[in-house]
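Notes for the one structure printed next.
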Amino acid sequence: MGLSGILVALLLLIWLAFRSWSVLLLAPAAAALVALLSGEPVLAHWTHTFMGSAAHFLAQYFPLFLLGAVFGKLMEDSGSIGVIADVLMRRLGPRHAVLAVVLAGALVTYGGVSLFVAFFVLAPMAQQLFREAGVPRRLMPAAIALGTSTFTMSALPGTPAIQNAIPMPFFGTTPFAAPGLGLIASAVMLAFGLAWLGRQEARARRANEGFGAEGARAAPAALENDATLRERASAAREFDPAEMAHSRRAEVAPRALLAFLPLAVVIGVNLLMSLVVLPRANLGYLAAPEWGGLSLSAVGGVWSVLVALACAIAVVIATQWRRLDSLRATLGAGANAAALPVLSVASLVGFGAVVAAMPAFGVVRDAVLGIGGGPLVSLAVSTNVLAALTGSASGGLTIALDALGGTYLARAAAIGLDPALLHRVAVIASGTLDSLPHNGAVVTMLTVCGCTHRESYRDIVMVSIVGALLALAAVIGLGTVFGSF
C-alpha cells in the first residue's frame, strides 16, 4: 500500500493543483495522506519531516527570492527595463524584430530581473515592434519565452536565476559551474529557437499573414483578482504577479547608461565574488559548531548571488532614487512578491521530503538510479519528471536533489565525475518539461500577449522544450566524453 499511497497522493496533488487549488493547502494535505496510507505516523511526518524540509528550503533560498523580487520591481518601476528593451529594439529595428525581443528578454533576465516583471514590460513593446514588422502576433510568446525562460535561466554561466542557485549547496558548486558546457547549451537553445522562429516568420510572410488581429493584453492589476492564474504563476516562478500593480512607475525614464548599469553590477559582482573574493576570504570560522560546521562550498555560491543582487539594488536606489516617487511602495511590493512563491515552492519541497521518507520510496529510488546511461542520464530524467509533475522548475529540482542529490554526488565521486557537471545537467533538466500547458509562466505569458494556447503553444514547445532537450542531450554527451569544462 505504501507505493500506491504515494501515487494516489501525487495524483491528487497534481489534479487539484491544475484545478487551481492552493499549493499551500495541497502539499501538506498530500503529505499527510502519503504518511497515512503508508502506515507511518502522520503528525510526526507533518510537523517534522514536512515542516523541517520546507523550513530548510526557506532558510537557504528565501533571501534569493526576496532580493531577486525587490531588484526586479526596482528595475520595472524606475523604467530601466523599458529603456533597455527600447534601445535594443530601436538598434535592431523591425527587420530583426524577433531577434530584438529575444535579446532584450535575455539581457534583463541574465541581469537578475524576475521573469514576470520582464513579461509585463516586454510584451507591449514587442507587440508594437511585431506590428511594425508585420510579424504574426502569435509568435510573440515564443520569442519572449526564448529570451527569458530558456538559456538565461538554466545554461548561461553565472545566471542569478534561483534554479541555478539550488544545486550549489548540494554539490558545492558556484553559479559558474561547467561554464564551457553552459555556453554550448546556451548556443544550442538560442540557435535552435531563432531558427524555428525564423522559419515560422518566413512561412507567415509567404502566406501574407501579417500581424493579425489585436489581442487584449491583461493589465497587471487584473491578475490580483485572477486566483487561478495567480496560484499557478506563484508556484511556477519566483515573483507573485499580483504585486505588479502595487506601486507606481517613474514618470521620467532614466538614461540608457543608468538603465544598463545595475545589470552589469549583477554580472560583475557575481563573477568577482565567486572566483576572487570568497575563495580568498578567511572563512575558517564557518567550521565552528555555532555555524553548523559549514564550508565555503556549501554557502559560497548562494552568497555570491546574494551580494550581487544587493549591490545592484543599492546602485538602482543610489542612481535613480529621485525618479522613484514611491520607493517605499516599490520595495514593499517587491518584498511581498517573494512571499507566496517561496512558500509555494517550500511546500512542494516538504511534500517531496515526506515521500522520500516513506519505506516504499526505496522502490522508486532504485528504479530511478537503475536508469541506463549513468548518473547524468538518471539525474536528467528524474529532474525532468518532477519538474513536469509539479509544474515548477525550482520545486522539481529541489525535490530531486533532496531525495537523491547525495547519492548522485557519491556516484560521481566514485567514477571521477566533476560535481559541476551534475550541477549543469540538473539545472538544464529542470527547465524543460516544466513548460507544459498548465505552467503558470506559460499561462501568464499567453495572457499578457493576448494569445491562446491554440495559436502559440506549439512554438513555445519548440523553443522552450525541444530546444532545451537538445541542449541537455549535448551537455550529457559532451560531459560523458570530455568531463566538465
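Numbering starts fresh at 1 for the residues of each chain in the C-alpha cells, the chains themselves are lettered A, B, ... in the order given, and ligands are numbered from 1 as they appear.
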Range 348-358 of chain A surroundings by only C-alpha atoms, 7 Å radius, close-in-sequence under 3 positions cut, as a list in words: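 The residues satisfying every condition are Ile6, Ala27, Pro28, Ala31, Val34, His45, Thr49, Phe50, Met51, Ser53, Ala54, Ser344, Val345, Phe361, Gly395, Thr398, Ile399 and Ala403 of chain A.
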Written selection (all heavy atoms) as a compact mmCIF listing (two decimals), in the first residue's frame:
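Now in out.txt:
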```txt
# COMPACT_ATOMS: atom_id res chain seq x y z
N ILE A 6 1.69 6.68 -2.24
CA ILE A 6 2.48 7.76 -2.84
C ILE A 6 1.85 8.21 -4.16
O ILE A 6 1.70 9.40 -4.43
CB ILE A 6 3.94 7.30 -3.05
CG1 ILE A 6 4.63 7.10 -1.70
CG2 ILE A 6 4.70 8.32 -3.90
CD1 ILE A 6 6.02 6.51 -1.82
N ALA A 27 -0.13 20.70 -0.61
CA ALA A 27 1.11 19.99 -0.31
C ALA A 27 1.12 19.35 1.08
O ALA A 27 1.42 18.16 1.21
CB ALA A 27 2.31 20.92 -0.50
N PRO A 28 0.79 20.09 2.16
CA PRO A 28 0.77 19.42 3.46
C PRO A 28 -0.33 18.37 3.56
O PRO A 28 -0.15 17.34 4.22
CB PRO A 28 0.53 20.58 4.45
CG PRO A 28 -0.01 21.70 3.65
CD PRO A 28 0.57 21.55 2.29
N ALA A 31 0.95 15.34 1.80
CA ALA A 31 1.99 14.71 2.62
C ALA A 31 1.38 13.89 3.74
O ALA A 31 1.82 12.76 4.03
CB ALA A 31 2.91 15.79 3.19
N VAL A 34 0.00 10.69 2.27
CA VAL A 34 1.08 9.72 2.00
C VAL A 34 1.45 8.96 3.26
O VAL A 34 1.55 7.72 3.26
CB VAL A 34 2.33 10.44 1.43
CG1 VAL A 34 3.53 9.51 1.44
CG2 VAL A 34 2.07 10.93 0.02
N HIS A 45 5.34 13.16 10.77
CA HIS A 45 5.84 13.50 9.44
C HIS A 45 5.37 14.89 9.00
O HIS A 45 6.08 15.60 8.30
CB HIS A 45 5.38 12.46 8.41
CG HIS A 45 6.24 11.24 8.38
ND1 HIS A 45 7.57 11.28 8.05
CD2 HIS A 45 5.96 9.93 8.65
CE1 HIS A 45 8.09 10.06 8.11
NE2 HIS A 45 7.13 9.23 8.48
N THR A 49 8.99 16.12 9.39
CA THR A 49 9.55 15.86 8.06
C THR A 49 9.15 16.94 7.08
O THR A 49 10.00 17.56 6.43
CB THR A 49 9.09 14.49 7.54
OG1 THR A 49 9.34 13.48 8.51
CG2 THR A 49 9.81 14.14 6.25
N PHE A 50 7.84 17.18 6.96
CA PHE A 50 7.35 18.19 6.02
C PHE A 50 7.87 19.58 6.39
O PHE A 50 8.51 20.26 5.58
CB PHE A 50 5.82 18.18 6.00
CG PHE A 50 5.22 19.21 5.08
CD1 PHE A 50 4.91 18.88 3.77
CD2 PHE A 50 4.97 20.51 5.51
CE1 PHE A 50 4.35 19.83 2.91
CE2 PHE A 50 4.43 21.46 4.66
CZ PHE A 50 4.12 21.12 3.35
N MET A 51 7.59 20.01 7.62
CA MET A 51 7.97 21.36 8.01
C MET A 51 9.47 21.54 8.11
O MET A 51 10.00 22.62 7.82
CB MET A 51 7.30 21.74 9.34
CG MET A 51 5.80 21.97 9.23
SD MET A 51 5.36 23.18 7.94
CE MET A 51 6.29 24.61 8.46
N SER A 53 11.77 20.11 6.22
CA SER A 53 12.31 20.29 4.87
C SER A 53 11.90 21.64 4.29
O SER A 53 12.71 22.33 3.66
CB SER A 53 11.84 19.15 3.96
OG SER A 53 12.38 19.28 2.67
N ALA A 54 10.61 22.01 4.48
CA ALA A 54 10.15 23.31 3.98
C ALA A 54 10.92 24.46 4.63
O ALA A 54 11.31 25.42 3.97
CB ALA A 54 8.65 23.46 4.22
N SER A 344 5.14 28.58 -1.65
CA SER A 344 4.57 27.55 -2.52
C SER A 344 5.62 26.49 -2.87
O SER A 344 5.37 25.29 -2.79
CB SER A 344 4.01 28.18 -3.80
OG SER A 344 2.95 29.06 -3.50
N VAL A 345 6.81 26.95 -3.26
CA VAL A 345 7.87 26.00 -3.62
C VAL A 345 8.33 25.23 -2.38
O VAL A 345 8.56 24.02 -2.44
CB VAL A 345 9.05 26.74 -4.28
CG1 VAL A 345 10.19 25.75 -4.57
CG2 VAL A 345 8.61 27.41 -5.57
N PHE A 361 9.50 4.31 -0.82
CA PHE A 361 10.26 5.14 -1.74
C PHE A 361 11.52 4.46 -2.24
O PHE A 361 12.05 4.80 -3.29
CB PHE A 361 10.62 6.48 -1.09
CG PHE A 361 11.35 7.43 -2.01
CD1 PHE A 361 10.68 8.09 -3.01
CD2 PHE A 361 12.72 7.64 -1.87
CE1 PHE A 361 11.34 8.95 -3.88
CE2 PHE A 361 13.40 8.51 -2.72
CZ PHE A 361 12.70 9.17 -3.73
N GLY A 395 10.85 23.76 -7.85
CA GLY A 395 10.29 22.74 -6.97
C GLY A 395 10.74 21.34 -7.37
O GLY A 395 11.18 20.55 -6.53
N THR A 398 14.53 20.87 -6.59
CA THR A 398 14.84 20.72 -5.16
C THR A 398 14.40 19.36 -4.64
O THR A 398 15.12 18.72 -3.86
CB THR A 398 14.17 21.82 -4.34
OG1 THR A 398 14.52 23.09 -4.89
CG2 THR A 398 14.62 21.77 -2.89
N ILE A 399 13.23 18.89 -5.05
CA ILE A 399 12.75 17.59 -4.61
C ILE A 399 13.71 16.50 -5.07
O ILE A 399 14.07 15.59 -4.32
CB ILE A 399 11.33 17.32 -5.13
CG1 ILE A 399 10.33 18.27 -4.45
CG2 ILE A 399 10.91 15.87 -4.89
CD1 ILE A 399 8.94 18.22 -5.06
N ALA A 403 16.10 14.30 -2.40
CA ALA A 403 15.94 12.85 -2.29
C ALA A 403 17.17 12.08 -2.74
O ALA A 403 17.52 11.06 -2.15
CB ALA A 403 14.71 12.41 -3.09
```
Selection near Ala264 in chain A, 7 Å with only C-alpha atoms, sequence-local residues under 4 positions removed, as a list of chain:residue names: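 Once the adjacent positions are removed, what remains is A:Gly111, A:Phe260, A:Gly268.
Proximity ranking of A:Ser247, A:Thr174, A:Pro136, A:Leu404 relative to Asn208 in chain A places A:Pro136 first, based on only C-alpha atoms.
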Picked from range 1-59 of chain A by DSSP as helix (DSSP H, G or I), as a PyMOL selection string: chain A and resi 2-18+23-37+42-59
Please produce a file of the residues just selected, as a tab-separated table (two decimals), in the first residue's frame, where the atoms kept are C-alpha atoms.
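Saved file again-v3.tsv follows:
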```
chain	number	residue	atom	x	y	z
A	2	GLY	CA	2.98	2.31	0.55
A	3	LEU	CA	3.79	2.79	-3.13
A	4	SER	CA	0.10	3.05	-4.03
A	5	GLY	CA	-0.33	5.69	-1.34
A	6	ILE	CA	2.48	7.76	-2.84
A	7	LEU	CA	0.90	7.56	-6.29
A	8	VAL	CA	-2.60	8.40	-5.03
A	9	ALA	CA	-1.37	11.44	-3.09
A	10	LEU	CA	0.75	12.62	-6.02
A	11	LEU	CA	-2.11	12.31	-8.49
A	12	LEU	CA	-4.45	14.19	-6.16
A	13	LEU	CA	-1.86	16.94	-5.70
A	14	ILE	CA	-1.40	17.31	-9.46
A	15	TRP	CA	-5.11	17.17	-10.31
A	16	LEU	CA	-6.19	19.67	-7.69
A	17	ALA	CA	-3.26	21.98	-8.41
A	18	PHE	CA	-4.28	22.03	-12.08
A	23	VAL	CA	-0.37	24.53	-3.16
A	24	LEU	CA	-0.05	25.87	0.39
A	25	LEU	CA	-3.04	23.68	1.30
A	26	LEU	CA	-2.50	20.81	-1.10
A	27	ALA	CA	1.11	19.99	-0.31
A	28	PRO	CA	0.77	19.42	3.46
A	29	ALA	CA	-2.55	17.61	2.95
A	30	ALA	CA	-0.99	15.32	0.34
A	31	ALA	CA	1.99	14.71	2.62
A	32	ALA	CA	-0.34	13.69	5.46
A	33	LEU	CA	-2.18	11.36	3.07
A	34	VAL	CA	1.08	9.72	2.00
A	35	ALA	CA	2.02	9.04	5.60
A	36	LEU	CA	-1.47	7.76	6.45
A	37	LEU	CA	-1.66	5.35	3.52
A	42	VAL	CA	1.02	11.28	10.28
A	43	LEU	CA	1.55	14.10	12.78
A	44	ALA	CA	5.25	13.40	13.19
A	45	HIS	CA	5.84	13.50	9.44
A	46	TRP	CA	3.64	16.57	9.05
A	47	THR	CA	5.27	18.69	11.74
A	48	HIS	CA	8.83	17.41	11.46
A	49	THR	CA	9.55	15.86	8.06
A	50	PHE	CA	7.35	18.19	6.02
A	51	MET	CA	7.97	21.36	8.01
A	52	GLY	CA	11.62	20.59	8.58
A	53	SER	CA	12.31	20.29	4.87
A	54	ALA	CA	10.15	23.31	3.98
A	55	ALA	CA	11.86	25.39	6.66
A	56	HIS	CA	15.28	24.31	5.42
A	57	PHE	CA	14.37	25.44	1.89
A	58	LEU	CA	13.21	28.80	3.25
A	59	ALA	CA	16.38	29.22	5.27
```
Counting only C-alpha atoms, the residue of A:Ala97, A:Leu469, A:Glu455, A:Pro41 that sits nearest Val381 in chain A: A:Leu469
Å distance separating CA of Asp402 in chain A from CA of Val305 in chain A, one decimal place: 21.2 Å
Spatial neighbours of Arg90 in chain A, max dist 10 Å, only C-alpha atoms, sep filter under 5 positions, as number ranges by chain: A: 85, 96-97, 100, 129
Closest of A:Gly406, A:Pro341, A:Gly479, A:Gly82 to Ala253 in chain A - atom-to-atom distances counting only C-alpha atoms: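 When distances to Ala253 in chain A are compared using only C-alpha atoms, the smallest one comes from A:Gly82.
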Of the listed residues A:Ile465, A:Arg454, A:Thr432, A:Leu417, that which approaches Val481 in chain A most closely, counting only C-alpha atoms: A:Leu417
Proximity to Glu132 in chain A - best of A:Phe120, A:Phe171, A:Phe211, A:Phe176, only C-alpha atoms: A:Phe211
